[in-house]
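The data block below is model.csv; it holds CSV, C-alpha atoms.
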```csv
chain,number,residue,atom,x,y,z
A,19,MET,CA,0.9,161.4,147.6
A,20,ARG,CA,2.1,158.4,149.6
A,21,LYS,CA,1.8,160.4,152.8
A,22,ASN,CA,-1.8,161.3,151.9
A,23,LEU,CA,-2.7,157.7,151.2
A,24,PHE,CA,-1.0,156.5,154.4
A,25,LEU,CA,-2.8,159.0,156.6
A,26,THR,CA,-6.1,158.5,154.9
A,27,ARG,CA,-6.0,154.7,155.5
A,28,ILE,CA,-5.4,155.3,159.2
A,29,PHE,CA,-7.9,158.0,159.9
A,30,ARG,CA,-10.6,157.8,157.1
A,31,ARG,CA,-13.2,155.9,159.1
A,32,TYR,CA,-13.3,158.3,162.0
A,33,THR,CA,-12.7,161.6,160.1
A,34,ARG,CA,-15.2,164.3,161.1
A,35,LYS,CA,-13.8,167.3,159.4
A,36,LEU,CA,-12.1,167.0,156.1
A,37,HIS,CA,-10.2,170.0,154.8
A,38,ILE,CA,-8.5,169.5,151.4
A,39,TYR,CA,-5.8,171.9,150.3
A,40,LEU,CA,-5.2,171.8,146.6
A,41,ASP,CA,-2.0,173.5,145.5
A,42,GLY,CA,-0.4,171.1,143.1
A,43,ASN,CA,-0.4,170.6,139.3
A,44,GLU,CA,-3.2,169.0,137.3
A,45,ASP,CA,-1.5,165.5,137.4
A,46,GLU,CA,-1.3,165.6,141.2
A,47,LEU,CA,-4.9,166.7,141.5
A,48,GLU,CA,-5.9,163.9,139.2
A,49,LYS,CA,-4.1,161.3,141.3
A,50,PHE,CA,-5.6,162.7,144.5
A,51,MET,CA,-9.1,162.6,143.2
A,52,ASN,CA,-8.6,159.1,141.8
A,53,LEU,CA,-6.7,157.5,144.7
A,54,VAL,CA,-7.1,159.4,147.9
A,55,LEU,CA,-10.5,161.1,148.0
A,56,PRO,CA,-12.5,157.9,147.2
A,57,GLN,CA,-11.1,156.3,150.4
A,58,TYR,CA,-13.3,158.7,152.5
A,59,PHE,CA,-16.4,156.9,151.4
A,60,ASP,CA,-15.5,154.6,154.4
A,61,THR,CA,-16.0,157.6,156.8
A,62,VAL,CA,-18.8,156.9,159.3
A,63,LYS,CA,-19.8,160.4,160.3
A,64,LEU,CA,-18.3,163.2,158.1
A,65,ARG,CA,-19.6,166.6,159.3
A,66,GLU,CA,-17.5,169.1,157.4
A,67,LEU,CA,-16.1,168.9,153.8
A,68,ILE,CA,-14.0,171.8,152.6
A,69,PHE,CA,-11.9,172.3,149.5
A,70,ILE,CA,-9.4,175.1,149.3
A,71,GLY,CA,-7.9,175.9,145.9
A,72,PRO,CA,-4.6,177.5,144.9
A,73,SER,CA,-6.0,181.0,144.4
A,74,TYR,CA,-6.6,181.1,148.2
A,75,LEU,CA,-3.4,179.3,149.2
A,76,GLN,CA,-1.2,181.6,147.0
A,77,GLN,CA,-3.4,184.7,147.7
A,78,ASN,CA,-3.4,185.2,144.0
A,79,HIS,CA,-6.9,185.6,142.6
A,80,ASN,CA,-5.7,185.6,139.0
A,81,VAL,CA,-5.3,181.8,139.4
A,82,PRO,CA,-8.3,180.1,137.8
A,83,PHE,CA,-10.7,178.0,139.9
A,84,THR,CA,-9.7,174.3,140.4
A,85,LYS,CA,-12.2,172.0,138.8
A,86,LEU,CA,-13.3,169.0,140.9
A,87,LYS,CA,-14.9,165.8,139.8
A,88,ARG,CA,-18.6,166.4,140.2
A,89,ILE,CA,-19.9,162.8,140.5
A,90,LEU,CA,-17.2,161.8,143.0
A,91,THR,CA,-17.7,165.0,145.1
A,92,GLU,CA,-21.5,164.9,145.1
A,93,SER,CA,-21.6,161.2,145.8
A,94,LEU,CA,-19.4,161.7,148.9
A,95,ILE,CA,-21.7,164.5,150.1
A,96,PHE,CA,-24.9,162.5,149.6
A,97,LYS,CA,-23.4,159.4,151.2
A,98,ASN,CA,-23.0,161.6,154.3
A,99,ILE,CA,-26.1,163.7,153.8
A,100,HIS,CA,-27.5,162.5,157.2
A,101,CYS,CA,-24.6,164.0,159.1
A,102,ILE,CA,-22.7,166.6,157.0
A,103,GLU,CA,-23.3,170.1,158.2
A,104,THR,CA,-20.8,172.3,156.3
A,105,PHE,CA,-19.7,172.2,152.7
A,106,ALA,CA,-17.3,174.7,151.2
A,107,LEU,CA,-15.7,175.4,147.8
A,108,LEU,CA,-13.0,178.1,148.1
A,109,GLY,CA,-11.4,178.8,144.8
A,110,CYS,CA,-12.9,175.6,143.5
A,111,GLU,CA,-15.9,174.5,141.4
A,112,LEU,CA,-17.5,171.3,140.4
A,113,ASP,CA,-16.8,170.3,136.8
A,114,VAL,CA,-19.2,168.9,134.3
A,115,ALA,CA,-20.2,165.4,135.2
A,116,ASP,CA,-18.3,162.6,133.4
A,117,ASN,CA,-19.7,159.1,133.8
A,118,VAL,CA,-16.1,157.8,133.5
A,119,GLU,CA,-15.7,158.9,137.2
A,120,LYS,CA,-17.9,156.0,138.2
A,121,ASP,CA,-15.2,153.6,137.2
A,122,ILE,CA,-12.6,155.1,139.5
A,123,HIS,CA,-13.7,153.3,142.6
A,124,LYS,CA,-16.4,150.8,143.5
A,125,HIS,CA,-17.8,153.2,146.2
A,126,ILE,CA,-18.3,155.9,143.6
A,127,GLU,CA,-20.3,153.5,141.3
A,128,TYR,CA,-22.4,152.4,144.3
A,129,TYR,CA,-23.2,155.7,145.9
A,130,SER,CA,-23.9,157.5,142.6
A,131,ARG,CA,-26.7,155.1,141.8
A,132,GLY,CA,-30.0,157.0,141.6
A,133,LEU,CA,-28.3,160.4,141.4
A,134,LEU,CA,-28.6,162.8,138.5
A,135,PHE,CA,-25.9,165.4,137.9
A,136,SER,CA,-26.5,168.9,136.5
A,137,HIS,CA,-23.8,171.1,135.0
A,138,HIS,CA,-24.1,174.6,136.4
A,139,SER,CA,-25.0,174.4,140.0
A,140,ILE,CA,-23.2,174.2,143.4
A,141,ILE,CA,-25.0,170.9,144.1
A,142,SER,CA,-27.2,169.2,141.5
A,143,ALA,CA,-30.9,170.2,142.0
A,144,VAL,CA,-32.5,166.8,141.4
A,145,ASN,CA,-30.2,165.2,144.1
A,146,LEU,CA,-31.1,167.9,146.6
A,147,GLU,CA,-34.8,167.2,146.1
A,148,ILE,CA,-34.3,163.5,146.6
A,149,HIS,CA,-32.5,164.1,149.9
A,150,ASP,CA,-34.2,167.2,151.3
A,151,PHE,CA,-35.8,165.5,154.3
A,152,SER,CA,-32.7,163.6,155.4
A,153,SER,CA,-30.2,166.5,154.9
A,154,THR,CA,-28.4,168.0,157.9
A,155,LEU,CA,-26.5,170.5,155.7
A,156,ARG,CA,-26.6,173.9,157.6
A,157,HIS,CA,-23.8,175.9,156.1
A,158,ILE,CA,-22.5,176.4,152.6
A,159,ILE,CA,-19.4,178.5,151.7
A,160,VAL,CA,-18.7,179.5,148.1
A,161,ASP,CA,-17.2,182.3,146.1
A,162,TYR,CA,-19.8,184.9,145.1
A,163,SER,CA,-19.1,184.4,141.4
A,164,GLN,CA,-20.4,180.7,141.8
A,165,ILE,CA,-24.0,181.6,142.6
A,166,ASN,CA,-27.0,183.0,140.8
A,167,THR,CA,-30.7,183.4,141.7
A,168,SER,CA,-31.5,180.0,140.2
A,169,SER,CA,-28.8,178.1,142.2
A,170,LEU,CA,-29.8,179.8,145.5
A,171,ARG,CA,-33.5,179.0,144.8
A,172,THR,CA,-32.5,175.3,144.3
A,173,LEU,CA,-30.7,175.2,147.7
A,174,GLY,CA,-34.0,176.2,149.3
A,175,VAL,CA,-35.1,172.6,149.4
A,176,LEU,CA,-32.5,171.9,152.1
A,177,ARG,CA,-34.7,172.3,155.2
A,178,GLN,CA,-31.8,172.6,157.6
A,179,LEU,CA,-29.8,175.2,155.6
A,180,ARG,CA,-29.4,178.3,157.7
A,181,TYR,CA,-26.1,180.0,156.7
A,182,LEU,CA,-24.7,181.0,153.3
A,183,THR,CA,-21.2,182.4,153.3
A,184,LEU,CA,-20.2,184.3,150.1
A,185,ASN,CA,-16.6,185.2,149.4
A,186,ILE,CA,-15.8,188.2,147.2
A,187,THR,CA,-12.3,188.3,145.8
A,188,ASN,CA,-10.6,190.5,143.3
A,189,LYS,CA,-11.3,188.3,140.4
A,190,ARG,CA,-12.1,190.4,137.4
A,191,ILE,CA,-15.4,188.8,136.5
A,192,PRO,CA,-18.9,190.2,136.6
A,193,TRP,CA,-20.7,189.8,139.9
A,194,PRO,CA,-24.1,188.2,139.4
A,195,GLN,CA,-27.3,190.1,140.3
A,196,ILE,CA,-29.3,188.2,142.8
A,197,ASP,CA,-33.1,188.6,143.4
A,198,TRP,CA,-32.8,188.1,147.2
A,199,GLY,CA,-36.5,188.8,147.7
A,200,HIS,CA,-37.4,185.9,145.5
A,201,VAL,CA,-34.6,183.7,146.9
A,202,GLN,CA,-35.8,184.2,150.5
A,203,SER,CA,-39.3,183.1,149.6
A,204,MET,CA,-38.0,179.6,148.8
A,205,TYR,CA,-36.6,179.0,152.3
A,206,VAL,CA,-38.6,177.6,155.3
A,207,GLU,CA,-36.4,179.7,157.6
A,208,PRO,CA,-34.8,183.0,156.5
A,209,LEU,CA,-31.4,182.3,154.9
A,210,GLN,CA,-28.7,184.2,156.9
A,211,VAL,CA,-25.9,185.6,154.7
A,212,ILE,CA,-22.3,186.2,155.6
A,213,ILE,CA,-20.3,188.4,153.1
A,214,ASN,CA,-16.5,188.1,153.2
A,215,ILE,CA,-14.5,190.7,151.2
A,216,ILE,CA,-11.0,189.3,150.6
A,217,ALA,CA,-8.0,191.3,149.3
A,218,VAL,CA,-10.2,193.6,147.2
A,219,PRO,CA,-8.9,197.2,146.6
A,220,TYR,CA,-11.1,199.8,148.3
A,221,ARG,CA,-11.6,201.4,144.8
A,222,ARG,CA,-14.0,198.5,144.1
A,223,PHE,CA,-16.0,198.8,147.3
A,224,ASN,CA,-18.5,201.2,145.7
A,225,ASP,CA,-19.3,198.5,143.1
A,226,ILE,CA,-19.8,196.0,145.9
A,227,MET,CA,-22.1,198.4,147.7
A,228,ASP,CA,-24.2,199.0,144.5
A,229,ASN,CA,-24.4,195.4,143.3
A,230,ILE,CA,-23.9,193.0,146.2
A,231,LEU,CA,-24.8,194.8,149.5
A,232,VAL,CA,-28.3,195.5,148.5
A,233,GLU,CA,-31.3,196.2,150.6
A,234,GLU,CA,-33.1,192.8,150.3
A,235,LEU,CA,-30.0,190.9,151.5
A,236,ASN,CA,-30.4,189.3,154.9
A,237,LEU,CA,-26.8,190.2,156.0
A,238,ILE,CA,-25.8,189.0,159.5
A,239,SER,CA,-22.1,189.3,159.1
A,240,LEU,CA,-19.6,191.4,157.2
A,241,LYS,CA,-15.9,190.4,157.2
A,242,VAL,CA,-13.3,192.6,155.3
A,243,MET,CA,-10.0,190.9,155.3
A,244,PHE,CA,-6.6,191.8,153.9
A,245,CYS,CA,-7.9,194.7,151.8
A,246,LYS,CA,-5.2,197.0,153.2
A,247,SER,CA,-7.5,199.9,153.8
A,248,LEU,CA,-10.5,201.1,155.9
A,249,TYR,CA,-13.4,202.6,154.0
A,250,THR,CA,-15.9,204.7,155.9
A,251,PRO,CA,-18.5,204.8,153.1
A,252,LEU,CA,-18.8,201.0,153.2
A,253,LEU,CA,-19.3,200.9,157.0
A,254,SER,CA,-21.8,203.7,156.7
A,255,HIS,CA,-23.7,201.8,154.0
A,256,VAL,CA,-24.0,198.6,156.0
A,257,SER,CA,-24.9,200.5,159.1
A,258,ARG,CA,-27.8,202.1,157.3
A,259,LEU,CA,-29.1,199.1,155.4
A,260,TYR,CA,-28.6,196.4,158.0
A,261,GLN,CA,-29.3,198.0,161.3
A,262,GLU,CA,-31.6,195.2,162.4
A,263,SER,CA,-29.9,192.1,160.9
A,264,LEU,CA,-26.2,192.7,161.3
A,265,ARG,CA,-24.7,190.7,164.2
A,266,GLU,CA,-20.9,190.7,163.4
A,267,VAL,CA,-18.3,192.9,161.8
A,268,VAL,CA,-14.6,191.9,161.3
A,269,TRP,CA,-12.1,194.3,159.7
A,270,ALA,CA,-8.7,192.6,159.6
A,271,ASP,CA,-5.3,193.3,158.1
A,272,SER,CA,-1.9,192.2,159.0
A,273,PRO,CA,0.7,194.9,159.8
A,274,TYR,CA,1.5,197.1,156.8
A,275,GLU,CA,4.8,196.0,155.3
A,276,SER,CA,6.6,199.3,155.1
A,277,ASN,CA,8.9,201.4,157.2
A,278,ASP,CA,7.8,204.6,155.5
A,279,PRO,CA,5.7,206.6,158.1
A,280,TYR,CA,3.6,208.0,155.2
A,281,HIS,CA,2.1,204.6,154.7
A,282,ARG,CA,0.6,204.7,158.2
A,283,ILE,CA,-2.0,207.1,156.7
A,284,VAL,CA,-5.1,205.4,155.4
A,285,ARG,CA,-6.3,206.9,152.1
A,286,PRO,CA,-4.2,210.0,152.3
A,287,MET,CA,-5.7,213.4,151.5
A,288,ARG,CA,-4.1,215.9,149.2
A,289,GLN,CA,-4.4,218.6,151.8
A,290,MET,CA,-4.0,218.3,155.6
A,291,GLN,CA,-7.2,218.9,157.6
A,292,PRO,CA,-7.2,222.0,159.9
A,293,ASP,CA,-6.2,221.5,163.5
A,294,HIS,CA,-9.7,221.9,164.8
A,295,PHE,CA,-11.0,219.1,162.5
A,296,ALA,CA,-11.9,215.9,164.3
A,297,HIS,CA,-12.5,212.5,162.7
A,298,VAL,CA,-15.4,210.4,164.0
A,299,ASN,CA,-14.2,206.8,164.2
A,300,PRO,CA,-16.5,204.9,161.7
A,301,PHE,CA,-16.9,201.9,164.0
A,302,VAL,CA,-18.4,204.2,166.6
A,303,LEU,CA,-21.2,205.0,164.2
A,304,LEU,CA,-21.6,201.3,163.4
A,305,CYS,CA,-22.0,200.5,167.1
A,306,TRP,CA,-24.6,203.2,167.4
A,307,GLN,CA,-26.7,202.2,164.5
A,308,CYS,CA,-26.5,198.4,164.4
A,309,THR,CA,-28.7,197.5,167.4
A,310,HIS,CA,-28.0,193.8,167.5
A,311,LEU,CA,-24.3,193.7,166.9
A,312,ARG,CA,-22.7,190.9,168.9
A,313,ARG,CA,-19.1,190.7,167.7
A,314,LEU,CA,-16.7,193.5,166.6
A,315,ALA,CA,-13.2,192.6,165.6
A,316,ILE,CA,-10.6,195.1,164.3
A,317,HIS,CA,-7.0,194.1,163.5
A,318,GLY,CA,-4.3,196.0,161.7
A,319,TYR,CA,-5.4,199.5,162.7
A,320,TRP,CA,-4.7,201.6,165.8
A,321,MET,CA,-7.8,202.4,167.9
A,322,TRP,CA,-7.9,205.2,170.5
A,323,HIS,CA,-8.9,204.0,173.9
A,324,TYR,CA,-11.8,206.5,174.1
A,325,ASP,CA,-13.2,205.2,170.8
A,326,LEU,CA,-13.2,201.7,172.4
A,327,LEU,CA,-15.2,203.2,175.2
A,328,GLY,CA,-17.6,204.5,172.6
A,329,PHE,CA,-18.1,201.0,171.2
A,330,VAL,CA,-19.1,199.5,174.4
A,331,ARG,CA,-21.2,202.4,175.7
A,332,LEU,CA,-23.2,202.5,172.5
A,333,ARG,CA,-23.7,198.8,172.0
A,334,LYS,CA,-24.6,196.8,175.1
A,335,THR,CA,-25.3,193.7,172.9
A,336,LEU,CA,-21.6,193.1,172.3
A,337,THR,CA,-20.4,189.7,173.6
A,338,ARG,CA,-17.1,189.7,171.8
A,339,LEU,CA,-14.8,192.7,171.2
A,340,GLU,CA,-11.5,191.9,169.6
A,341,ILE,CA,-9.2,194.9,169.1
A,342,SER,CA,-5.5,194.2,168.9
A,343,ALA,CA,-4.0,197.7,168.6
A,344,ILE,CA,-5.1,200.2,171.2
A,345,TYR,CA,-3.4,203.4,172.2
A,346,ASN,CA,-4.3,205.8,175.1
A,347,LYS,CA,-2.0,208.7,174.6
A,348,GLN,CA,-4.1,211.5,173.2
A,349,GLY,CA,-2.6,213.1,170.1
A,350,GLN,CA,-0.2,210.2,169.4
A,351,PHE,CA,-1.3,210.0,165.7
A,352,ASP,CA,-2.8,213.5,165.2
A,353,ASN,CA,-0.6,214.4,162.3
A,354,GLU,CA,-1.4,211.2,160.4
A,355,LEU,CA,-5.1,211.5,161.1
A,356,GLN,CA,-5.2,215.1,159.8
A,357,MET,CA,-3.9,213.8,156.5
A,358,SER,CA,-6.2,210.8,156.4
A,359,GLU,CA,-9.7,210.2,155.0
A,360,GLU,CA,-10.3,207.7,157.9
A,361,GLY,CA,-10.5,208.0,161.7
A,362,ALA,CA,-7.7,205.4,162.3
A,363,VAL,CA,-4.2,204.7,161.2
A,364,ARG,CA,-2.4,201.5,160.1
A,365,VAL,CA,-0.4,199.2,162.3
A,366,MET,CA,3.1,199.1,160.7
A,367,VAL,CA,5.4,196.1,160.5
A,368,ALA,CA,7.9,197.6,163.0
A,369,ASP,CA,5.2,198.7,165.5
A,370,ARG,CA,5.1,197.2,169.0
A,371,PRO,CA,2.0,196.8,171.2
A,372,ALA,CA,1.1,199.7,173.5
A,373,LYS,CA,0.6,198.8,177.1
A,374,LEU,CA,-2.9,199.5,178.3
A,375,ASP,CA,-3.1,200.1,182.0
A,376,THR,CA,-5.7,198.5,184.3
A,377,VAL,CA,-7.6,201.8,184.6
A,378,CYS,CA,-8.4,201.8,180.9
A,379,ILE,CA,-9.4,198.1,181.0
A,380,ASP,CA,-11.6,198.7,184.0
A,381,GLU,CA,-13.3,201.6,182.2
A,382,VAL,CA,-14.2,199.4,179.3
A,383,ASN,CA,-15.5,196.6,181.5
A,384,GLU,CA,-17.9,199.0,183.3
A,385,TYR,CA,-20.0,198.9,180.2
A,386,THR,CA,-19.6,195.3,179.1
A,387,GLU,CA,-21.6,192.1,180.0
A,388,PHE,CA,-18.4,190.1,179.7
A,389,ASN,CA,-14.8,190.3,181.0
A,390,TRP,CA,-12.9,192.2,178.3
A,391,GLN,CA,-9.1,192.0,178.0
A,392,PRO,CA,-6.8,193.4,175.4
A,393,ILE,CA,-5.5,190.8,172.9
A,394,ALA,CA,-1.8,190.0,173.3
A,395,TRP,CA,-0.1,190.3,169.9
A,396,GLY,CA,1.6,186.9,170.5
A,397,SER,CA,-1.8,185.2,170.7
A,398,LEU,CA,-3.0,186.6,167.3
A,399,HIS,CA,-3.6,184.1,164.5
A,400,ARG,CA,-0.4,183.8,162.5
A,401,GLY,CA,-2.2,185.2,159.5
A,402,LEU,CA,-2.7,188.5,161.3
A,403,ARG,CA,1.0,188.9,162.3
A,404,ALA,CA,3.8,190.8,160.6
A,405,ARG,CA,5.1,189.2,157.4
A,406,ALA,CA,2.4,186.5,157.4
A,407,SER,CA,2.7,184.0,154.5
A,408,PRO,CA,-0.1,183.6,152.0
A,409,ALA,CA,-0.8,180.1,153.4
A,410,GLU,CA,-1.1,181.6,157.0
A,411,ARG,CA,-3.5,184.2,155.7
A,412,ALA,CA,-5.5,181.6,153.9
A,413,ASP,CA,-5.8,179.6,157.2
A,414,PHE,CA,-7.1,182.8,158.9
A,415,LEU,CA,-9.7,183.3,156.1
A,416,LEU,CA,-10.8,179.7,156.5
A,417,SER,CA,-11.1,180.0,160.3
A,418,GLU,CA,-13.4,183.0,159.8
A,419,ALA,CA,-15.4,181.5,157.0
A,420,ARG,CA,-16.2,178.4,159.0
A,421,GLN,CA,-17.7,180.4,161.9
A,422,PRO,CA,-20.9,182.3,161.3
A,423,LEU,CA,-21.2,184.8,164.1
A,424,GLY,CA,-17.8,183.9,165.5
A,425,VAL,CA,-18.9,180.5,166.8
A,426,THR,CA,-18.6,177.0,165.3
A,427,LEU,CA,-21.8,175.3,164.4
A,428,TYR,CA,-21.0,172.2,166.4
```
Can you give me the file's structure in the form of structure tokens?
Amino acid sequence: MRKNLFLTRIFRRYTRKLHIYLDGNEDELEKFMNLVLPQYFDTVKLRELIFIGPSYLQQNHNVPFTKLKRILTESLIFKNIHCIETFALLGCELDVADNVEKDIHKHIEYYSRGLLFSHHSIISAVNLEIHDFSSTLRHIIVDYSQINTSSLRTLGVLRQLRYLTLNITNKRIPWPQIDWGHVQSMYVEPLQVIINIIAVPYRRFNDIMDNILVEELNLISLKVMFCKSLYTPLLSHVSRLYQESLREVVWADSPYESNDPYHRIVRPMRQMQPDHFAHVNPFVLLCWQCTHLRRLAIHGYWMWHYDLLGFVRLRKTLTRLEISAIYNKQGQFDNELQMSEEGAVRVMVADRPAKLDTVCIDEVNEYTEFNWQPIAWGSLHRGLRARASPAERADFLLSEARQPLGVTLY
């Protein structure tokens, strides 16, 4: 706590991006909210405010959401409403407003004047309406369970809001049904939605397809991270529904932590496929159908060089292609593929990168509008490397959540 206070006093005035990692007990959280966070009312131009709760930092989605002081948090947002562009609650939610909060610090009492606080919304509706013209807020990131049709309709008063990132985790709570057609009618510009599926078993993917990835959704980006499996039906579903809107797909896992060769197989079949059977890589079909795809990133699965050629030949709109495990030896994984439901196999913890010769690289670049190079494993984010810690994976999740379409907003 002393270190937090010391650093805050030095940097608070010129802080532009404030990321708050909450992984302590309730007493530590209370002290932080009372002593440290109010210091940031002195910030001159805060552009990004992100809270990351323990369920993300521990990669344990059975941990309940961390409750934040609503009056303090909203007052800080509205104090910076003329400059803040990104607001995120990851594994956190705003608690019921308590007027006692106004006595914590003089700045809270001052900046909360004229604000009214609701109980069940991301940001209080009345306050949004007061500040709709001055707001620069462009990107909101929350857990899917935190939203409903009413709260999304409320956010429509924010004239600059363009991106909504929704994180789906493995919490066993009902997913709300959203009337996206009605929601979109409340926005001046179409609200562009990014869906992040995080550490969810593939057996729940059909429910996600039925209840979340619905036709009215304006989906521009799908990121499936640390789910430990590919799932062709999901890729086929988004390829069919979002052919025009989808701009980005990320499917990322760290190397599978096992030395058993059987675990290389993704969704094993009970009976091996005949020798003449050939899988079609599901990402090839994605590239064929999604006509505006700009970024494709695949980590944790071996991709055949000729599938890579298929990606770039079919989709000329690609500007970023991030594939970290590529092999060019035909038949290298034939046995595993014949036993798998998927057209790719896992990267294992003991695997080493395959060297891709310049001929293969040149073949890919014949069809790209950018200079493509294979990704060196040593340059991968630490969250994508073997035996990554939960905190490292959480940092990767945050780096992806902050970047709609793979680029920062500013």
Need the shell around Tyr324 of chain A: protein/DNA/RNA residues with any atom at most 10 Å away, counting only C-alpha atoms. Skip same-chain ones fewer than 3 positions apart. Format as an mmCIF file with C-alpha atoms, in the frame of the given file?
```
data_model
loop_
_atom_site.group_PDB
_atom_site.id
_atom_site.type_symbol
_atom_site.label_atom_id
_atom_site.label_comp_id
_atom_site.auth_asym_id
_atom_site.auth_seq_id
_atom_site.Cartn_x
_atom_site.Cartn_y
_atom_site.Cartn_z
ATOM 1 C CA MET A 321 -7.800 202.400 167.900
ATOM 2 C CA LEU A 327 -15.200 203.200 175.200
ATOM 3 C CA GLY A 328 -17.600 204.500 172.600
ATOM 4 C CA PHE A 329 -18.100 201.000 171.200
ATOM 5 C CA ILE A 344 -5.100 200.200 171.200
ATOM 6 C CA TYR A 345 -3.400 203.400 172.200
ATOM 7 C CA ASN A 346 -4.300 205.800 175.100
ATOM 8 C CA GLN A 348 -4.100 211.500 173.200
ATOM 9 C CA CYS A 378 -8.400 201.800 180.900
ATOM 10 C CA GLU A 381 -13.300 201.600 182.200
ATOM 11 C CA VAL A 382 -14.200 199.400 179.300
#
```
Distance query Gln178 of chain A at most 8 Å, all atoms listed in the file, self and fewer than 6 positions along chain excluded, as a PyMOL selection string: chain A and resi 153-156
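Taking all atoms listed in the file into account, Pro408 of chain A lies nearest to A:Phe244 out of the set A:Phe59, A:Phe244, A:Asn145, A:His157.
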What gap, in Å, lies between atom CA of Ala412 of chain A and atom CA of Tyr74 of chain A? 5.8 Å
Can you measure atom CA of Ser73 of chain A to atom CA of Gln164 of chain A for me? One decimal in Å is fine.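 Atom-to-atom, atom CA of Ser73 of chain A and atom CA of Gln164 of chain A are spaced 14.6 Å apart.
Atom CA of Tyr58 of chain A sits 25.1 Å away from atom CA of Leu182 of chain A.
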What's around segment 303-314 of chain A at 9 Å? Count all atoms listed in the file, leave out sequence neighbours fewer than 2 positions away in its own chain, and write the answer as a ChimeraX atom specification. /A:238,253-254,256-258,260-269,298-301,316,328-341,423-424
Please produce a file of those selected residues containing C-alpha atoms, as an mmCIF file, in the frame of the given file.
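Just written: result_33.cif:
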```cif
data_model
loop_
_atom_site.group_PDB
_atom_site.id
_atom_site.type_symbol
_atom_site.label_atom_id
_atom_site.label_comp_id
_atom_site.auth_asym_id
_atom_site.auth_seq_id
_atom_site.Cartn_x
_atom_site.Cartn_y
_atom_site.Cartn_z
ATOM 1 C CA ILE A 238 -25.800 189.000 159.500
ATOM 2 C CA LEU A 253 -19.300 200.900 157.000
ATOM 3 C CA SER A 254 -21.800 203.700 156.700
ATOM 4 C CA VAL A 256 -24.000 198.600 156.000
ATOM 5 C CA SER A 257 -24.900 200.500 159.100
ATOM 6 C CA ARG A 258 -27.800 202.100 157.300
ATOM 7 C CA TYR A 260 -28.600 196.400 158.000
ATOM 8 C CA GLN A 261 -29.300 198.000 161.300
ATOM 9 C CA GLU A 262 -31.600 195.200 162.400
ATOM 10 C CA SER A 263 -29.900 192.100 160.900
ATOM 11 C CA LEU A 264 -26.200 192.700 161.300
ATOM 12 C CA ARG A 265 -24.700 190.700 164.200
ATOM 13 C CA GLU A 266 -20.900 190.700 163.400
ATOM 14 C CA VAL A 267 -18.300 192.900 161.800
ATOM 15 C CA VAL A 268 -14.600 191.900 161.300
ATOM 16 C CA TRP A 269 -12.100 194.300 159.700
ATOM 17 C CA VAL A 298 -15.400 210.400 164.000
ATOM 18 C CA ASN A 299 -14.200 206.800 164.200
ATOM 19 C CA PRO A 300 -16.500 204.900 161.700
ATOM 20 C CA PHE A 301 -16.900 201.900 164.000
ATOM 21 C CA ILE A 316 -10.600 195.100 164.300
ATOM 22 C CA GLY A 328 -17.600 204.500 172.600
ATOM 23 C CA PHE A 329 -18.100 201.000 171.200
ATOM 24 C CA VAL A 330 -19.100 199.500 174.400
ATOM 25 C CA ARG A 331 -21.200 202.400 175.700
ATOM 26 C CA LEU A 332 -23.200 202.500 172.500
ATOM 27 C CA ARG A 333 -23.700 198.800 172.000
ATOM 28 C CA LYS A 334 -24.600 196.800 175.100
ATOM 29 C CA THR A 335 -25.300 193.700 172.900
ATOM 30 C CA LEU A 336 -21.600 193.100 172.300
ATOM 31 C CA THR A 337 -20.400 189.700 173.600
ATOM 32 C CA ARG A 338 -17.100 189.700 171.800
ATOM 33 C CA LEU A 339 -14.800 192.700 171.200
ATOM 34 C CA GLU A 340 -11.500 191.900 169.600
ATOM 35 C CA ILE A 341 -9.200 194.900 169.100
ATOM 36 C CA LEU A 423 -21.200 184.800 164.100
ATOM 37 C CA GLY A 424 -17.800 183.900 165.500
#
```
Quick one: which segment 230-288 of chain A residues come within 9 Å of segment 352-368 of chain A, and what is the nearest atom pair for each with the distance in Å to one decimal, counting all atoms listed in the file, rows ordered by chain and ascending number, as CSV?
```
residue,atom,partner,partner_atom,distance
A:Lys246,CA,A:Arg364,CA,8.7
A:Ser247,CA,A:Arg364,CA,8.3
A:Leu248,CA,A:Glu360,CA,6.9
A:Tyr249,CA,A:Glu360,CA,7.1
A:Thr250,CA,A:Glu360,CA,6.7
A:Asp271,CA,A:Val365,CA,8.7
A:Ser272,CA,A:Val365,CA,7.9
A:Pro273,CA,A:Val367,CA,4.9
A:Tyr274,CA,A:Met366,CA,4.7
A:Glu275,CA,A:Val367,CA,5.2
A:Ser276,CA,A:Val367,CA,6.4
A:Asn277,CA,A:Ala368,CA,7.0
A:Asp278,CA,A:Met366,CA,8.9
A:Pro279,CA,A:Met366,CA,8.4
A:Tyr280,CA,A:Glu354,CA,7.9
A:His281,CA,A:Arg364,CA,7.7
A:Arg282,CA,A:Arg364,CA,4.8
A:Ile283,CA,A:Val363,CA,5.6
A:Val284,CA,A:Ser358,CA,5.6
A:Arg285,CA,A:Glu359,CA,5.6
A:Pro286,CA,A:Ser358,CA,4.6
A:Met287,CA,A:Met357,CA,5.3
A:Arg288,CA,A:Met357,CA,7.6
```
Excluding Glu207 of chain A and its own-chain neighbours fewer than 4 positions away, which residues fall within 10 Å of it when counting all atoms listed in the file? Please give them as an mmCIF file with C-alpha atoms, in the frame of the given file.
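Saved as out.cif:
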```cif
data_model
loop_
_atom_site.group_PDB
_atom_site.id
_atom_site.type_symbol
_atom_site.label_atom_id
_atom_site.label_comp_id
_atom_site.auth_asym_id
_atom_site.auth_seq_id
_atom_site.Cartn_x
_atom_site.Cartn_y
_atom_site.Cartn_z
ATOM 1 C CA GLY A 174 -34.000 176.200 149.300
ATOM 2 C CA ARG A 177 -34.700 172.300 155.200
ATOM 3 C CA GLN A 178 -31.800 172.600 157.600
ATOM 4 C CA LEU A 179 -29.800 175.200 155.600
ATOM 5 C CA ARG A 180 -29.400 178.300 157.700
ATOM 6 C CA GLN A 202 -35.800 184.200 150.500
ATOM 7 C CA SER A 203 -39.300 183.100 149.600
#
```
